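*Asks:* For reference, the file start.tsv (TSV, C-alpha atoms) is included below:
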```
chain	number	residue	atom	x	y	z
A	1	MET	CA	0.00	0.00	0.00
A	2	PHE	CA	2.95	2.30	0.65
A	3	ALA	CA	4.13	1.44	-2.85
A	4	ALA	CA	0.80	2.64	-4.31
A	5	ALA	CA	1.12	5.96	-2.47
A	6	ILE	CA	4.71	6.37	-3.72
A	7	ILE	CA	3.65	5.61	-7.30
A	8	ALA	CA	0.84	8.19	-7.06
A	9	LEU	CA	3.33	10.74	-5.75
A	10	LEU	CA	5.81	9.94	-8.54
A	11	VAL	CA	3.11	10.40	-11.20
A	12	ALA	CA	2.17	13.76	-9.69
A	13	MET	CA	5.85	14.73	-9.55
A	14	ALA	CA	6.20	13.96	-13.26
A	15	LEU	CA	3.21	16.19	-14.06
A	16	VAL	CA	4.54	19.05	-11.95
A	17	LEU	CA	8.01	18.66	-13.43
A	18	ALA	CA	6.48	18.97	-16.91
A	19	ARG	CA	4.89	22.26	-15.84
A	20	SER	CA	8.21	23.52	-14.45
A	21	LEU	CA	9.88	22.75	-17.79
A	22	LEU	CA	7.03	24.19	-19.94
A	23	GLY	CA	5.99	27.08	-17.70
A	24	PRO	CA	5.58	30.28	-19.69
A	25	THR	CA	6.66	32.60	-16.86
A	26	ALA	CA	9.34	32.24	-14.21
A	27	TYR	CA	6.63	32.29	-11.51
A	28	ASP	CA	5.04	29.15	-12.96
A	29	ARG	CA	8.40	27.45	-12.66
A	30	ILE	CA	8.92	28.58	-9.05
A	31	LEU	CA	5.42	27.41	-8.12
A	32	ALA	CA	6.01	24.03	-9.77
A	33	VAL	CA	9.40	23.56	-8.08
A	34	ASN	CA	7.90	24.48	-4.70
A	35	SER	CA	5.12	21.94	-5.20
A	36	PHE	CA	7.70	19.37	-6.35
A	37	GLY	CA	9.63	19.92	-3.11
A	38	THR	CA	6.53	19.25	-1.00
A	39	LYS	CA	5.99	15.99	-2.90
A	40	VAL	CA	9.64	15.03	-2.31
A	41	VAL	CA	9.06	15.46	1.44
A	42	LEU	CA	6.06	13.12	1.23
A	43	VAL	CA	7.97	10.55	-0.83
A	44	ILE	CA	10.83	10.52	1.70
A	45	ALA	CA	8.37	10.03	4.59
A	46	VAL	CA	6.45	7.21	2.86
A	47	PHE	CA	9.67	5.55	1.67
A	48	GLY	CA	10.97	5.52	5.25
A	49	PHE	CA	7.86	3.63	6.32
A	50	MET	CA	8.05	1.25	3.35
A	51	THR	CA	11.61	0.18	4.19
A	52	ASP	CA	10.94	0.14	7.98
A	53	ARG	CA	13.40	2.94	8.63
A	54	PRO	CA	11.42	5.85	10.16
A	55	ASP	CA	14.71	7.75	10.71
A	56	PHE	CA	14.06	9.11	7.22
A	57	LEU	CA	11.52	11.45	8.80
A	58	ASP	CA	14.34	13.69	10.05
A	59	ILE	CA	15.52	14.09	6.47
A	60	ALA	CA	11.96	14.87	5.39
A	61	LEU	CA	11.67	17.56	8.07
A	62	VAL	CA	14.93	19.20	7.02
A	63	TYR	CA	13.89	18.99	3.35
A	64	ALA	CA	10.63	20.80	4.15
A	65	LEU	CA	12.60	23.58	5.87
A	66	VAL	CA	15.12	23.92	3.04
A	67	ASN	CA	12.36	23.89	0.42
A	68	PHE	CA	10.55	26.80	2.08
A	69	ILE	CA	13.71	28.85	2.61
A	70	GLY	CA	14.80	28.17	-0.98
A	71	THR	CA	11.48	29.31	-2.43
A	72	ILE	CA	11.49	32.54	-0.42
A	73	ALA	CA	15.14	33.19	-1.33
A	74	VAL	CA	14.47	32.75	-5.07
A	75	LEU	CA	11.44	35.06	-4.84
A	76	LYS	CA	13.50	37.70	-3.04
A	77	PHE	CA	16.03	37.49	-5.85
A	78	MET	CA	13.29	37.75	-8.52
A	79	VAL	CA	11.66	40.83	-6.95
A	80	ARG	CA	15.01	42.62	-6.78
A	81	GLU	CA	15.39	42.34	-10.61
B	82	MET	CA	-12.13	-8.36	12.42
B	83	SER	CA	-9.08	-7.65	14.49
B	84	MET	CA	-8.16	-4.19	15.68
B	85	THR	CA	-4.90	-3.91	13.74
B	86	LEU	CA	-6.68	-4.75	10.49
B	87	PHE	CA	-9.25	-2.05	11.26
B	88	TRP	CA	-6.58	0.63	11.72
B	89	ASP	CA	-4.66	-0.70	8.70
B	90	ILE	CA	-7.72	-0.27	6.50
B	91	ILE	CA	-8.27	3.28	7.76
B	92	SER	CA	-4.65	4.22	7.09
B	93	TRP	CA	-4.74	2.63	3.61
B	94	VAL	CA	-7.85	4.61	2.75
B	95	LEU	CA	-6.15	7.81	3.93
B	96	LEU	CA	-2.94	7.04	2.01
B	97	LEU	CA	-4.76	6.19	-1.22
B	98	SER	CA	-7.10	9.19	-1.10
B	99	GLY	CA	-4.07	11.38	-0.37
B	100	GLY	CA	-2.34	9.93	-3.42
B	101	LEU	CA	-5.47	10.59	-5.50
B	102	PHE	CA	-5.59	14.23	-4.35
B	103	VAL	CA	-1.89	14.68	-5.11
B	104	ILE	CA	-2.36	13.32	-8.66
B	105	ILE	CA	-5.40	15.57	-9.21
B	106	GLY	CA	-3.37	18.55	-7.98
B	107	GLY	CA	-0.49	17.69	-10.32
B	108	LEU	CA	-2.92	17.41	-13.21
B	109	GLY	CA	-4.35	20.82	-12.28
B	110	ILE	CA	-0.91	22.44	-12.17
B	111	LEU	CA	-0.16	21.02	-15.62
B	112	ARG	CA	-3.52	21.77	-17.28
B	113	PHE	CA	-4.87	25.02	-15.85
B	114	PRO	CA	-4.80	27.98	-18.25
B	115	ASP	CA	-2.82	30.70	-16.46
B	116	PHE	CA	-0.55	31.31	-13.50
B	117	PHE	CA	-3.15	32.53	-11.01
B	118	THR	CA	-5.42	29.54	-11.59
B	119	ARG	CA	-2.42	27.23	-11.12
B	120	LEU	CA	-1.92	28.61	-7.62
B	121	HIS	CA	-5.13	26.88	-6.59
B	122	PRO	CA	-4.19	23.21	-7.28
B	123	ALA	CA	-0.72	23.87	-5.86
B	124	GLY	CA	-2.19	25.09	-2.58
B	125	MET	CA	-4.75	22.26	-2.45
B	126	THR	CA	-2.07	19.59	-2.96
B	127	ASP	CA	0.11	21.01	-0.25
B	128	THR	CA	-2.66	21.07	2.34
B	129	ILE	CA	-5.07	18.20	1.75
B	130	GLY	CA	-2.79	15.76	-0.14
B	131	ALA	CA	0.04	16.11	2.36
B	132	GLY	CA	-2.43	16.11	5.25
B	133	LEU	CA	-4.10	12.86	4.23
B	134	ILE	CA	-0.84	11.03	3.46
B	135	LEU	CA	0.81	12.11	6.71
B	136	ALA	CA	-2.35	11.22	8.68
B	137	GLY	CA	-2.25	7.74	7.14
B	138	LEU	CA	1.40	7.35	8.14
B	139	MET	CA	0.61	8.62	11.65
B	140	ILE	CA	-1.99	5.86	12.09
B	141	GLN	CA	0.60	3.31	10.92
B	142	ALA	CA	3.13	4.63	13.46
B	143	GLY	CA	0.86	4.59	16.50
B	144	PRO	CA	1.48	6.86	19.52
B	145	THR	CA	5.28	7.04	19.31
B	146	LEU	CA	8.04	9.56	18.65
B	147	VAL	CA	7.65	8.81	14.93
B	148	ALA	CA	4.06	10.06	15.01
B	149	ALA	CA	5.26	13.21	16.79
B	150	LYS	CA	7.78	13.83	14.01
B	151	LEU	CA	5.05	13.32	11.40
B	152	ALA	CA	2.84	15.82	13.25
B	153	LEU	CA	5.75	18.28	13.23
B	154	ILE	CA	6.17	17.87	9.46
B	155	LEU	CA	2.42	18.35	9.00
B	156	LEU	CA	2.37	21.48	11.19
B	157	PHE	CA	5.34	22.88	9.33
B	158	LEU	CA	3.79	22.25	5.91
B	159	PHE	CA	0.53	23.83	7.06
B	160	PHE	CA	2.36	27.02	7.96
B	161	THR	CA	4.90	27.28	5.16
B	162	SER	CA	2.89	26.18	2.14
B	163	PRO	CA	0.29	29.01	2.22
B	164	THR	CA	3.10	31.46	3.01
B	165	ALA	CA	5.11	30.35	-0.01
B	166	THR	CA	2.05	30.37	-2.30
B	167	HIS	CA	1.10	33.85	-1.12
B	168	ALA	CA	4.67	35.11	-1.62
B	169	ILE	CA	4.77	33.73	-5.19
B	170	ALA	CA	1.40	35.32	-6.03
B	171	LYS	CA	2.47	38.65	-4.59
B	172	ALA	CA	5.78	38.61	-6.48
B	173	ALA	CA	3.95	37.78	-9.73
B	174	LEU	CA	1.41	40.57	-9.16
B	175	ARG	CA	4.21	43.02	-8.45
B	176	ALA	CA	5.91	41.98	-11.70
B	177	ASN	CA	2.71	43.12	-13.53
B	178	LEU	CA	1.49	39.62	-14.32
B	179	ARG	CA	-2.32	39.83	-14.62
B	180	PRO	CA	-4.94	37.05	-14.61
B	181	VAL	CA	-6.36	35.96	-17.98
B	182	LEU	CA	-10.02	36.99	-17.99
B	183	ASP	CA	-12.96	35.87	-20.10
B	184	SER	CA	-15.35	38.73	-20.77
B	185	GLN	CA	-14.94	42.48	-21.23
B	186	SER	CA	-16.96	43.20	-18.06
B	187	ASP	CA	-14.53	41.05	-16.05
B	188	ILE	CA	-11.65	43.02	-17.49
B	189	ASN	CA	-13.28	46.36	-16.60
B	190	HIS	CA	-13.99	45.07	-13.10
B	191	ALA	CA	-10.37	43.96	-12.66
B	192	LYS	CA	-9.11	47.34	-13.89
B	193	THR	CA	-11.08	49.14	-11.22
B	194	LYS	CA	-9.98	46.65	-8.56
B	195	VAL	CA	-6.24	46.34	-9.22
B	196	ARG	CA	-4.36	49.39	-8.07
```
If you convert what's in this file into structure tokens, what do you get?
*Replies:*
Amino acid sequence: MFAAAIIALLVAMALVLARSLLGPTAYDRILAVNSFGTKVVLVIAVFGFMTDRPDFLDIALVYALVNFIGTIAVLKFMVRE
Amino acid sequence: MSMTLFWDIISWVLLLSGGLFVIIGGLGILRFPDFFTRLHPAGMTDTIGAGLILAGLMIQAGPTLVAAKLALILLFLFFTSPTATHAIAKAALRANLRPVLDSQSDINHAKTKVR
């Protein structure tokens, strides 16, 4: 059942990645990459449960933090332009 | 029906519906017509998709430290995801990106609103 959730997340990640490559404006790309990061956090958490190693949750937590900070940093850079 | 099977079924339902919401959100981000409409599926995915999947994992973990970590991730996503979405929308609006509108009356309405 964990595998099904991971497959669903991977399909969604492929769709979002397509938007980040196609995206007409830079803001579409930032939005898609931010959403991609959230899905990576979920994949890490579910994968930790699937392989019986819940220590992965620490990595997921740090990834969520870094994803948020990265998005805000890129936006700060974009507004400055 | 044993108790563990009962909780397993609940957590499977949560995980699968979370996966379904995440796929629908990804489809929305890919297919919606302009940037401001794409904000909506992105926000939905981050709140309800992540919420359902993490709730399913929390039921699998039981009342342990692992569940506390999952709750922390959930809390963090609930705070940061709307903040990030809002910041992106504000930056796009400030860069003079405007929503694509259907009718002339909508456009006139938006012109009076956006200042």
*Asks:* As a VMD selection string, could you give me every residue of chain B near chain A (at most 9 Å apart, counting all atoms listed in the file)?
*Replies:* chain B and resid 93 96 to 101 103 to 108 110 to 112 115 to 116 119 to 120 123 to 124 126 to 127 131 134 to 135 138 141 to 142 147 150 to 151 153 to 154 157 to 158 161 to 162 164 to 166 168 to 170 172 to 173 175 to 176
*Asks:* Mind giving me the straight-line distance from CA of His121 (chain B) to CA of His167 (chain B) in Å, one decimal?
*Replies:*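 These atoms are spaced 10.8 Å apart.
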*Asks:* What is the CA of Thr118 (chain B)-CA of Leu174 (chain B) distance in Å, reported with one decimal?
*Replies:*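 Rounded to one decimal, the two atoms are 13.2 Å apart.
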*Asks:* Please indicate the distance in Å from CA of Pro122 (chain B) to CA of Ala152 (chain B), rounded to one decimal place.
*Replies:*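 Result for CA of Pro122 (chain B) versus CA of Ala152 (chain B): 22.9 Å, one decimal.
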*Asks:* Which residues, written as a PyMOL selection string, have at least one atom at most 10 Å from Asp89 (chain B), with all atoms listed in the file counted and residues fewer than 3 positions away on the same chain left out?
*Replies:* (chain A and resi 1) or (chain B and resi 84-86+92-95+137+140-141)
